Structures are given as C-alpha cells and as structure tokens.
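Peer 1: I have a structure here, written as structure tokens, and I will follow up with some questions on it.
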Amino acid sequence: MDAPRVLLLVVDDDVRSARRLAQMLREDGFDVDVAADGASAIARLTRSPIPTVLITDLHMPNADGAAVSTYARSRKSDMPIIVVTGYPQLASQLDALDPKPIVFTKPLVYAELSAELARVTS
Amino acid sequence: MPLEKRVLDLRRYVGFGEPDAAHLAAVRELLAPDFPRIAQDFYDKIREHEEAHAVLTGEDQIARLQRSLQVWMRRLFGGTYDAAYYEQTAHIGQVHVRVGLPQRYMFSAMALIRLELARLIEERATPSDVSATKAALNKALDIELAIMLEAFRDAFVARIERKQALEKDELTRRYAVAIELTRELVVAIDAGGAIRLFNAGAEVATGFGREEVIGRPFGTTMLSEESRARFDEIIASERPASTRFDAFVLTRAGKLRDVRWEIARSAGDLETFVIGHDNTEENMIAERSRQAEKLAAIGTLAAGLAHEIRNPLNGAQLHVAYLERTLKRANADTDTLEAVNVVGDEIKRLAGLVTEFLDFARPKPLVRKSTPLGSLMERIAHLMEAEAKAAQVEVVRDLPAKDILASVDAAKIEQVLLNLARNAVEALAPMNGGHVTLRLRRQPSRAVIEIEDDGPGLPGDDAPIFDAFYSTKPQGTGLGLAITHRIVTDHGGSIEVDSRSGRTIFRVALLLDGEPT
C-alpha cells in the first residue's frame, strides 16, 4: 500500500546544485523535476501532472521566482511554495501570496528542507 | 584764538583807539539818565516779538535783564576797554547762547540801541564832537557784536565736537557688542604673548572665564602641546599680515576643540589679534557623513557580494550534505566523516559571517514599539543562564522595581544586550568565572543600561572596539560590537565603555518614551 508519490519542482539557475538536490530528494522518496530558469519552470507548470510542492530560487534569468510562484498558484491555489534564496529580503515581493511561501536563506541546510517538506506534505 | 588777540584784531580792523575811548567816556554822564528808559523800551519791543520773547521766562528775569542792559550801557561808555571789559562782553554772548537767543536778534536789537544812543549823542554831545563820538559808538558796538557772536560760533563748534565724540563712542560700543555677540573666538595678545582680550565666544568655546586667562600666556593656556610650536613660530615672524593656522584648543575640561585661527596684526601695533573659528562640530559632522557614505558604499558592495557568495556556498553545502550521506552509507572511516563535517562547519561559519555583515552594512529599518526594558533584561538574564553556568559565571540582576518604557525595536535591542552579555561572559573565561551584572537605571530623559563584568578589562583605552572587523577573539568576526553600536545609534541612543582591570562596563543610553529622538 504505497502512499501517492509526491512530485516536487526544483527551480534554480545553479544547475549542478539543483540536480544534486533533486538526487537527494529522490533518494528520500520524492519524485523531482528540475528547471534551470523561470521560463522553463513556468513551461513545466503548464503541463500535467501539476507538482505538489514548488521549491524555487528568486533571482533567476527569464522570469524570476516571484513570477514562477504567482503562476504556480494560478495552477493550484494552495500549492506549498518553498523559496531558497541568497536575498531573503526579496521574499517580501511574495507577501501578496496566501498562504505565504516558506523562505530559506542560502546556503540551504538539507535537514531543514526535509523537515519542512515532511510538514507540508503530511 | 584767545580773546585778547581777537579783540586786538577787531580794534585794529575797525580802527578803535584811545581817542574813541575818550569820546565815549565824555558823553557817558550826558546819556546815563536815559539808560533805564532805553532798557525799558528795549524789552517792551521784545515782548511784541514772539520768537525773541520765547527765550524770556518771566517778569523777574526781564527786570534783571533790564538792569544788566543798563550796566552794559554804562560799561560801553566807561572809557576803559581792557581784557576784563571784553571778558564780560564774551560772557554776555555766552548767556545769549545759553538762553537760546537766535543770533539774528542780536543784530536787530543792537540796531535799536545803536539808533537811540546815536540820537542822544546828536542831541547832547558838544556839536564839534558829535560825528567823532557817533563813529566811536559804531566801532565799539561792532566790536561788541563781533565778540558776542563768537560765543555762538564757539558753542556751535563745541556742539559739533560733542556730537562727533558721542558718535565715536557709540560706534566703539557697537563694535564691542559685535565682538561679544559673535560665536567666533576673539583674543588679543600683547607683545609678551599674554592674553589681553578674551571675548564671550572664546569663553564659551574654551570654558575659561576672561578673569582667569587675562594676563596669562596664550600658547600654554589655550593651545594643545602640538599646536604651540607652530603658533610661536607664526607669532614670532615679522610679517604683520594675516595668517591662518589650524590648532587644537585645550578646554578647561581638558577636551580638544578644532579651531581655525586667523592672526591679524596691523603694522606697528603691539597687540596681535587671534580670531578663531571653532570647527569641531562641523568636522565631526563631515567625518560622520564620510563614515556614513563609506558604510553605504560598503553596504551596496556587500549586498551584491553576499548573493554571489551565498550561491556557491549553497552549492558547496548541498554537495557536502550529499557526501556525508554517501560516506555514511558506505561505512566510511571516522576521519573521512570528520573531514566532511569540518567542511560543513566552515561553510556554515562563512554563511553566518555573510549574514552578520549584511546586518551591519544593510540594516533593516527599525520597528519601534513601547518596550519595558526591565522585562527585556530579565529575559536576557534568563537566556544567558545556561551559557553563564557553563562558564562558572554568575548573572546578577540589578533592575528597578518600576519598569522603564522606551520606544525601541525590541528584537534589535535584545540582539544588542545578548551580544554585550555574551561578550561579558566570554571576557571572564581567563579568570575561570566571575560576575556579570545587568543593571538598569532611569535618568531624567533616558534609560541607562549597564552590562558589567569583573574580568581583566579591555586591552587599551584606544582599542577601536566599535569598529568593524576589530576583534580580540580568535573566532570573532569583528562585527558584533560594530552592529551593536549601529543599532544603538540608529535608535538615537549612545553606547560607551568604561574599562579597567577588574571592572568593565558597557553603558547603553536610550531615550525614554516621548523624548524626541
């Protein structure tokens, strides 16, 4: 009786780190898609299946994390969003979103992300 | 010109000699019975004339003046015209001036008297003498008039001189007021270098009263040691022209003020004026704004750099987490795992430094709220308990019974107090323990917080402990006290340290609620 698989979308223009993060998350039982910029992330969000959780950087080429988050919520209005950024103060751009995204400051502590994912997907 | 000489001049000019004197003396007794009547007529005429009458004060005075006029007529025909005679004439002129008789009436009045006396001479003198006696009368009266008129001139000159003197006094007084009103320091020094003048501006800037510095040498009384040599050199030079120089002034309280002096000495004058402009505040403001600009530039740079550093740190940390997980699964040896842990710790430290630096360089705006400072300090004491116990430090609370409210950003002030309390506990490490006291006191417009420890004290008085990147701790970032200082000054408060071996106090003063920041 396997629980339904949780699909995560990881968005970061640092491709090597995004891939390594995806690998660790997969090892921990998640399905993970990776996008290397805002535009690809939005493109991915147009397709099904819609990701369960969005994990995104803020400062990126071709549409930033705020645009990606807003689009994600238009697809699924209560999609949990986890922002991982070197500019935590930029997260104030996302104040209009409800519920508010969780914000982690880079460098990301993997254990903290794991705990947050466990919480939002439970 | 003395009166005697004036009279001689006049007599020569009109040709009044001994024969004239004799002619006049010869008719005196012939005319004398009419003198009272002439005087009476004269003053009756004056009564008819408004402006001339205005100088008279009453019947008593008129009676007196009529007698004087009779005396004068007897004198005129007296035959003796010596210095005493003309002194009296001059005196009559002075009286005319004193009572304010307009000088033009002297002529008209004299004309009346002249006509009447001439008529009497024609009537009573020996016919062969009439013409010569009339001529003598005319000459004598002209001399009288001239001398009396001199009094008007003298009075006029004296009045002009008095007015000029008054104006000069007034001007001098106004200059003196200006010197006392200016905020500039104005000091006069005599040839021996002693202070001779010390204005109010100098008193305010130095804290010295003029009574204590007048007569004392300027250099040693006013200037800091390093400025004296330069001053002595300038003052000793022969150039009287003005020279500027910057010197520190030593105040009565022992503080230094940054003063730009101008030395002014007019040629041949023995006094030298030194005029100073106190630049201390201006320089301090300029220094502060330079510091603020520097900080803003650092902030911009740091913010850009922080993002750039956080991204590679993020990559490194993720890969370290991955390595750690993989090594554990492969049952790697302890040394290898330890090595990976160290890399992870160092990354975290670097990340912490970036965050602290951003806090310092790009502080978030304050969110002020009325906060009970005593409760806040109680909380700090509580938070520090475990750390203090581990270091064998006792935390002492010295808080007022009535809490003190201040409008502050509670989270930031908590950061300040935690930082100071941690520093205090750490300072006690070499002594294997001690006491840290958290003290709160109320002053008229401020709350004063003290964090005191009985540790070894700061390394020196001049240690730039509030500067960024100054640290005495091997693991310190050198930003803790810089951030602390910044937070306190952003609140409009002040922070100072008072340290000696065995007692160090960090004192934070914050404005109370309702005080202008």
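Letters A, B, ... mark the chains of the structure tokens in the order given; residue numbers begin at 1 per chain; ligand numbers begin at 1, in order shown.
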Can I get the residues of chain A within 9 Å of chain B, each with the closest pair of atoms and their distance in Å to one decimal, using only C-alpha atoms, sorted chain first then ascending number, as a Markdown table?

Peer 2:
| residue | atom | partner | partner_atom | distance |
| --- | --- | --- | --- | --- |
| A:Asp14 | CA | B:Gly315 | CA | 7.8 |
| A:Arg16 | CA | B:Gly315 | CA | 7.7 |
| A:Ser17 | CA | B:Gly315 | CA | 5.0 |
| A:Ala18 | CA | B:Gly315 | CA | 8.4 |
| A:Arg20 | CA | B:His319 | CA | 7.0 |
| A:Leu21 | CA | B:Leu318 | CA | 6.7 |
| A:Gln23 | CA | B:Tyr322 | CA | 8.9 |
| A:Met24 | CA | B:Tyr322 | CA | 6.9 |
| A:Thr85 | CA | B:Asn311 | CA | 8.2 |
| A:Gly86 | CA | B:His307 | CA | 4.9 |
| A:Tyr87 | CA | B:His307 | CA | 6.4 |
| A:Thr105 | CA | B:Arg310 | CA | 8.4 |
| A:Lys106 | CA | B:Asn314 | CA | 5.4 |
| A:Pro107 | CA | B:Asn314 | CA | 3.7 |
| A:Leu108 | CA | B:Asn314 | CA | 5.8 |
| A:Val109 | CA | B:Gln317 | CA | 7.3 |
| A:Tyr110 | CA | B:Leu318 | CA | 6.9 |
| A:Ala111 | CA | B:Ala321 | CA | 8.9 |

Peer 1: For the selection you just gave me, I'd like the residues written to a file as a tab-separated table (two decimals), in the first residue's frame, keeping N, CA and C atoms.

Peer 2:
chain	number	residue	atom	x	y	z
A	14	ASP	N	21.43	27.53	-10.75
A	14	ASP	CA	22.66	26.77	-10.46
A	14	ASP	C	22.32	25.29	-10.72
A	16	ARG	N	23.97	22.46	-11.43
A	16	ARG	CA	24.63	21.33	-10.76
A	16	ARG	C	24.05	21.11	-9.36
A	17	SER	N	23.86	22.23	-8.64
A	17	SER	CA	23.32	22.10	-7.28
A	17	SER	C	21.87	21.64	-7.31
A	18	ALA	N	21.11	22.15	-8.29
A	18	ALA	CA	19.71	21.75	-8.41
A	18	ALA	C	19.62	20.24	-8.65
A	20	ARG	N	21.88	17.97	-7.86
A	20	ARG	CA	22.31	17.21	-6.68
A	20	ARG	C	21.19	17.19	-5.64
A	21	LEU	N	20.50	18.33	-5.47
A	21	LEU	CA	19.39	18.40	-4.53
A	21	LEU	C	18.29	17.42	-4.96
A	23	GLN	N	18.64	14.74	-6.70
A	23	GLN	CA	19.08	13.37	-6.48
A	23	GLN	C	18.84	12.94	-5.03
A	24	MET	N	19.17	13.84	-4.09
A	24	MET	CA	18.99	13.51	-2.67
A	24	MET	C	17.51	13.37	-2.33
A	85	THR	N	16.79	31.31	-1.21
A	85	THR	CA	17.37	32.50	-1.87
A	85	THR	C	18.56	33.07	-1.09
A	86	GLY	N	19.43	33.73	-1.81
A	86	GLY	CA	20.53	34.48	-1.19
A	86	GLY	C	20.07	35.88	-0.79
A	87	TYR	N	18.89	36.26	-1.22
A	87	TYR	CA	18.31	37.59	-0.96
A	87	TYR	C	17.01	37.45	-0.20
A	105	THR	N	17.16	30.88	3.65
A	105	THR	CA	18.29	31.63	3.13
A	105	THR	C	19.40	30.66	2.74
A	106	LYS	N	19.99	30.91	1.56
A	106	LYS	CA	21.12	30.09	1.13
A	106	LYS	C	22.32	30.38	2.04
A	107	PRO	N	23.20	29.44	2.35
A	107	PRO	CA	23.17	28.04	1.91
A	107	PRO	C	22.07	27.24	2.64
A	108	LEU	N	21.41	26.39	1.87
A	108	LEU	CA	20.30	25.60	2.38
A	108	LEU	C	20.83	24.43	3.22
A	109	VAL	N	20.22	24.28	4.38
A	109	VAL	CA	20.56	23.11	5.22
A	109	VAL	C	19.56	22.01	4.85
A	110	TYR	N	20.07	20.93	4.27
A	110	TYR	CA	19.19	19.90	3.71
A	110	TYR	C	18.21	19.37	4.75
A	111	ALA	N	18.69	19.18	5.98
A	111	ALA	CA	17.83	18.63	7.03
A	111	ALA	C	16.62	19.54	7.29

Peer 1: Considering only C-alpha atoms, return as a PyMOL selection string whatever protein or nucleic-acid residues lie within 10 Å of region 493-506 of chain B, sequence-local ones (same chain, fewer than 5 positions apart) excluded.

Peer 2: chain B and resi 417+420-421+424+427-428+434-438+446-461+465-466+484-488+511-512+517

Peer 1: How would the residues just picked look written out with N, CA and C atoms as a tab-separated table (two decimals), in the first residue's frame?

Peer 2:
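Everything below was put into result-v3.tsv:
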chain	number	residue	atom	x	y	z
B	417	LEU	N	21.81	43.54	23.69
B	417	LEU	CA	22.07	43.13	25.07
B	417	LEU	C	22.63	41.72	25.14
B	420	LEU	N	26.28	41.98	24.20
B	420	LEU	CA	27.11	42.54	25.28
B	420	LEU	C	27.24	41.53	26.43
B	421	ALA	N	26.14	40.84	26.74
B	421	ALA	CA	26.17	39.87	27.84
B	421	ALA	C	27.08	38.70	27.48
B	424	ALA	N	30.62	39.71	27.79
B	424	ALA	CA	31.00	39.80	29.20
B	424	ALA	C	31.31	38.42	29.75
B	427	ALA	N	34.52	37.28	28.37
B	427	ALA	CA	35.66	38.01	28.93
B	427	ALA	C	36.12	37.39	30.25
B	428	LEU	N	35.21	36.65	30.90
B	428	LEU	CA	35.55	36.07	32.20
B	428	LEU	C	36.22	34.70	32.07
B	434	GLY	N	33.25	34.39	37.24
B	434	GLY	CA	33.14	35.73	37.81
B	434	GLY	C	31.68	36.16	37.79
B	435	HIS	N	31.47	37.49	37.73
B	435	HIS	CA	30.11	38.01	37.76
B	435	HIS	C	29.83	38.89	36.55
B	436	VAL	N	28.60	38.76	36.06
B	436	VAL	CA	28.12	39.69	35.03
B	436	VAL	C	26.86	40.33	35.60
B	437	THR	N	26.88	41.67	35.67
B	437	THR	CA	25.73	42.37	36.24
B	437	THR	C	24.95	43.07	35.12
B	438	LEU	N	23.65	42.85	35.13
B	438	LEU	CA	22.77	43.55	34.19
B	438	LEU	C	22.05	44.63	35.00
B	446	ARG	N	16.39	59.63	29.88
B	446	ARG	CA	16.91	58.43	29.25
B	446	ARG	C	16.90	57.25	30.22
B	447	ALA	N	16.97	56.08	29.60
B	447	ALA	CA	17.17	54.86	30.38
B	447	ALA	C	18.61	54.45	30.16
B	448	VAL	N	19.32	54.11	31.22
B	448	VAL	CA	20.71	53.71	31.09
B	448	VAL	C	20.86	52.24	31.47
B	449	ILE	N	21.35	51.46	30.52
B	449	ILE	CA	21.57	50.03	30.74
B	449	ILE	C	23.07	49.81	30.88
B	450	GLU	N	23.45	49.06	31.91
B	450	GLU	CA	24.87	48.75	32.07
B	450	GLU	C	25.06	47.24	32.10
B	451	ILE	N	26.05	46.78	31.35
B	451	ILE	CA	26.45	45.37	31.42
B	451	ILE	C	27.86	45.38	31.97
B	452	GLU	N	27.99	44.89	33.19
B	452	GLU	CA	29.28	45.00	33.88
B	452	GLU	C	29.86	43.61	34.12
B	453	ASP	N	31.18	43.47	33.92
B	453	ASP	CA	31.83	42.22	34.32
B	453	ASP	C	33.05	42.53	35.15
B	454	ASP	N	33.49	41.55	35.95
B	454	ASP	CA	34.68	41.76	36.77
B	454	ASP	C	35.87	41.01	36.18
B	455	GLY	N	35.95	41.05	34.85
B	455	GLY	CA	37.04	40.39	34.13
B	455	GLY	C	38.28	41.25	34.01
B	456	PRO	N	39.20	40.84	33.16
B	456	PRO	CA	40.51	41.51	33.09
B	456	PRO	C	40.49	42.89	32.45
B	457	GLY	N	39.39	43.28	31.83
B	457	GLY	CA	39.33	44.61	31.21
B	457	GLY	C	39.78	44.59	29.77
B	458	LEU	N	39.50	45.69	29.08
B	458	LEU	CA	39.86	45.78	27.66
B	458	LEU	C	41.36	46.00	27.51
B	459	PRO	N	41.92	45.62	26.35
B	459	PRO	CA	43.37	45.74	26.17
B	459	PRO	C	43.90	47.16	26.32
B	460	GLY	N	43.19	48.15	25.86
B	460	GLY	CA	43.71	49.52	25.98
B	460	GLY	C	42.59	50.51	25.80
B	461	ASP	N	42.85	51.75	26.17
B	461	ASP	CA	41.82	52.80	26.06
B	461	ASP	C	41.45	53.06	24.61
B	465	ILE	N	37.18	49.27	19.56
B	465	ILE	CA	36.32	48.10	19.73
B	465	ILE	C	35.01	48.18	18.96
B	466	PHE	N	34.56	49.41	18.65
B	466	PHE	CA	33.28	49.53	17.93
B	466	PHE	C	33.47	49.53	16.41
B	484	THR	N	26.24	46.26	17.24
B	484	THR	CA	25.68	46.78	18.49
B	484	THR	C	25.67	48.31	18.49
B	485	HIS	N	26.81	48.88	18.15
B	485	HIS	CA	26.97	50.34	18.10
B	485	HIS	C	25.97	50.93	17.11
B	486	ARG	N	25.88	50.29	15.98
B	486	ARG	CA	25.00	50.77	14.91
B	486	ARG	C	23.53	50.76	15.36
B	487	ILE	N	23.14	49.66	15.98
B	487	ILE	CA	21.74	49.56	16.42
B	487	ILE	C	21.42	50.65	17.44
B	488	VAL	N	22.35	50.83	18.39
B	488	VAL	CA	22.10	51.83	19.45
B	488	VAL	C	22.04	53.24	18.84
B	511	LEU	N	16.69	56.80	24.74
B	511	LEU	CA	15.72	57.83	25.08
B	511	LEU	C	14.44	57.17	25.58
B	512	LEU	N	13.84	57.83	26.57
B	512	LEU	CA	12.58	57.31	27.10
B	512	LEU	C	11.44	57.62	26.15
B	517	THR	N	13.64	61.97	19.36
B	517	THR	CA	14.84	61.18	19.01
B	517	THR	C	15.74	61.97	18.11

Peer 1: Write down as a ChimeraX atom specification the residues belonging to region 162-337 of chain B that are assigned strand (DSSP E) by DSSP computed on the backbone.

Peer 2: /B:185-189,195-198,243-250,256-264,272-278

Peer 1: Write down as a PyMOL selection string the residues belonging to chain A that are assigned helix (DSSP H, G or I) by DSSP computed on the backbone.

Peer 2: chain A and resi 15-27+38-46+65-75+88-94+110-121

Peer 1: Under the rule that only C-alpha atoms are counted, which of B:Thr251, B:Thr272, B:Thr220, B:Thr80 is the nearest residue to Gly17 (chain B)?

Peer 2: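 Answer, going by the shortest atom-to-atom distance: B:Thr80.
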
Peer 1: At a cut-off of 9 Å, using only C-alpha atoms, what residues contact Pro101 (chain A)? Leave out same-chain residues fewer than 5 positions from it and give the result as a PyMOL selection string.

Peer 2: chain A and resi 69+80-83+91+94-95

Peer 1: Which residues are near region 39-45 of chain A? Cut-off 10 Å, only C-alpha atoms, ignore same chain within fewer than 3 positions. Put them as a compact mmCIF listing (two decimals) with N, CA and C atoms, in the first residue's frame.

Peer 2:
# COMPACT_ATOMS: atom_id res chain seq x y z
N LEU A 9 8.89 20.32 -7.74
CA LEU A 9 9.55 21.03 -8.85
C LEU A 9 10.65 21.90 -8.24
N VAL A 10 11.92 21.60 -8.56
CA VAL A 10 13.06 22.37 -8.05
C VAL A 10 13.51 23.34 -9.14
N VAL A 11 13.52 24.65 -8.83
CA VAL A 11 13.89 25.66 -9.81
C VAL A 11 15.11 26.44 -9.30
N ASP A 12 16.23 26.35 -10.02
CA ASP A 12 17.43 27.11 -9.64
C ASP A 12 18.32 27.19 -10.86
N ASP A 33 11.18 17.07 -10.49
CA ASP A 33 11.51 17.68 -11.78
C ASP A 33 12.39 18.88 -11.51
N VAL A 34 13.30 19.20 -12.45
CA VAL A 34 14.22 20.32 -12.26
C VAL A 34 14.04 21.31 -13.41
N ALA A 35 14.00 22.62 -13.09
CA ALA A 35 14.00 23.66 -14.13
C ALA A 35 15.16 24.61 -13.84
N ALA A 36 15.87 25.05 -14.91
CA ALA A 36 17.09 25.85 -14.71
C ALA A 36 16.84 27.34 -14.80
N SER A 48 0.73 18.73 -17.10
CA SER A 48 0.37 17.83 -16.00
C SER A 48 1.41 16.72 -15.93
N PRO A 49 1.60 16.09 -14.81
CA PRO A 49 0.91 16.40 -13.56
C PRO A 49 1.45 17.67 -12.91
N ILE A 50 0.56 18.36 -12.23
CA ILE A 50 0.97 19.59 -11.54
C ILE A 50 1.79 19.19 -10.32
N PRO A 51 2.95 19.84 -10.11
CA PRO A 51 3.79 19.47 -8.95
C PRO A 51 3.04 19.69 -7.63
N LEU A 54 6.42 23.49 -4.83
CA LEU A 54 7.40 24.24 -5.64
C LEU A 54 8.55 24.66 -4.75
N THR A 56 11.79 26.99 -5.14
CA THR A 56 12.36 27.89 -6.15
C THR A 56 13.32 28.93 -5.60
N MET A 60 16.62 34.91 -10.80
CA MET A 60 16.95 33.98 -11.90
C MET A 60 16.72 34.68 -13.23
N PRO A 61 17.39 34.19 -14.30
CA PRO A 61 17.10 34.74 -15.63
C PRO A 61 15.74 34.27 -16.16
N ASN A 62 15.20 34.98 -17.12
CA ASN A 62 13.95 34.63 -17.81
C ASN A 62 12.81 34.34 -16.83
N ALA A 63 12.32 35.30 -16.21
CA ALA A 63 11.24 35.21 -15.22
C ALA A 63 11.80 34.78 -13.87
N ASP A 64 11.54 35.59 -12.85
CA ASP A 64 12.11 35.32 -11.53
C ASP A 64 11.19 34.44 -10.67
N GLY A 65 11.66 34.16 -9.48
CA GLY A 65 10.92 33.26 -8.60
C GLY A 65 9.54 33.76 -8.24
N ALA A 67 7.52 35.48 -10.21
CA ALA A 67 6.64 35.18 -11.35
C ALA A 67 6.29 33.69 -11.37
N VAL A 68 7.29 32.86 -11.09
CA VAL A 68 7.05 31.40 -11.08
C VAL A 68 6.03 31.05 -10.00
N SER A 69 6.22 31.67 -8.80
CA SER A 69 5.32 31.38 -7.68
C SER A 69 3.89 31.79 -8.00
N THR A 70 3.75 33.00 -8.57
CA THR A 70 2.42 33.50 -8.90
C THR A 70 1.73 32.58 -9.91
N TYR A 71 2.51 32.15 -10.91
CA TYR A 71 1.95 31.26 -11.92
C TYR A 71 1.55 29.92 -11.29
N ALA A 72 2.42 29.41 -10.40
CA ALA A 72 2.15 28.12 -9.75
C ALA A 72 0.82 28.18 -9.00
N ARG A 73 0.60 29.32 -8.28
CA ARG A 73 -0.65 29.45 -7.52
C ARG A 73 -1.88 29.57 -8.44
N SER A 74 -1.63 30.09 -9.67
CA SER A 74 -2.76 30.17 -10.61
C SER A 74 -3.14 28.75 -11.09
N ARG A 75 -2.18 27.85 -11.03
CA ARG A 75 -2.46 26.47 -11.43
C ARG A 75 -3.12 25.71 -10.29
N LYS A 76 -2.58 25.98 -9.06
CA LYS A 76 -3.13 25.29 -7.90
C LYS A 76 -3.04 26.26 -6.74

Peer 1: Any idea what's packed within 8 Å of Phe30 (chain A), counting only C-alpha atoms, ignoring anything in its chain fewer than 6 positions away? Could you give it as a ChimeraX atom specification?

Peer 2: /A:5-8

Peer 1: Give me a file of those residues, with C-alpha atoms, as a PDB file, in the first residue's frame.

Peer 2:
ATOM      1  CA  ARG A   5       4.004   9.817  -4.813  1.00  0.00           C
ATOM      2  CA  VAL A   6       4.799  13.492  -4.038  1.00  0.00           C
ATOM      3  CA  LEU A   7       6.093  15.472  -7.037  1.00  0.00           C
ATOM      4  CA  LEU A   8       8.496  18.349  -6.339  1.00  0.00           C
TER       5      LEU A   8
END

Peer 1: Which residue, B:Leu145, B:Leu323, B:Ala406, B:Ala247, has the smallest gap to Arg104 (chain B) when you use only C-alpha atoms?

Peer 2: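 Ranked by minimum distance to Arg104 (chain B), first place goes to B:Leu145.
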
Peer 1: So that I can check the surroundings of His277 (chain B), please list as number ranges by chain every protein, DNA and RNA residue that reaches within 12 Å of it, counting only C-alpha atoms and ignoring chain neighbours fewer than 2 positions away.

Peer 2: B: 182-187, 201-202, 205, 244-249, 257-263, 274-275, 279-283

Peer 1: In Å, how far is it from CA of Pro36 (chain B) to CA of Ala118 (chain B)?

Peer 2: 16.2 Å

Peer 1: Counting only C-alpha atoms, which of A:Leu97, A:Leu90, A:Leu58, A:Val53 gets nearest to Arg119 (chain A)?

Peer 2: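 That would be A:Val53, the residue with the smallest distance to Arg119 (chain A).
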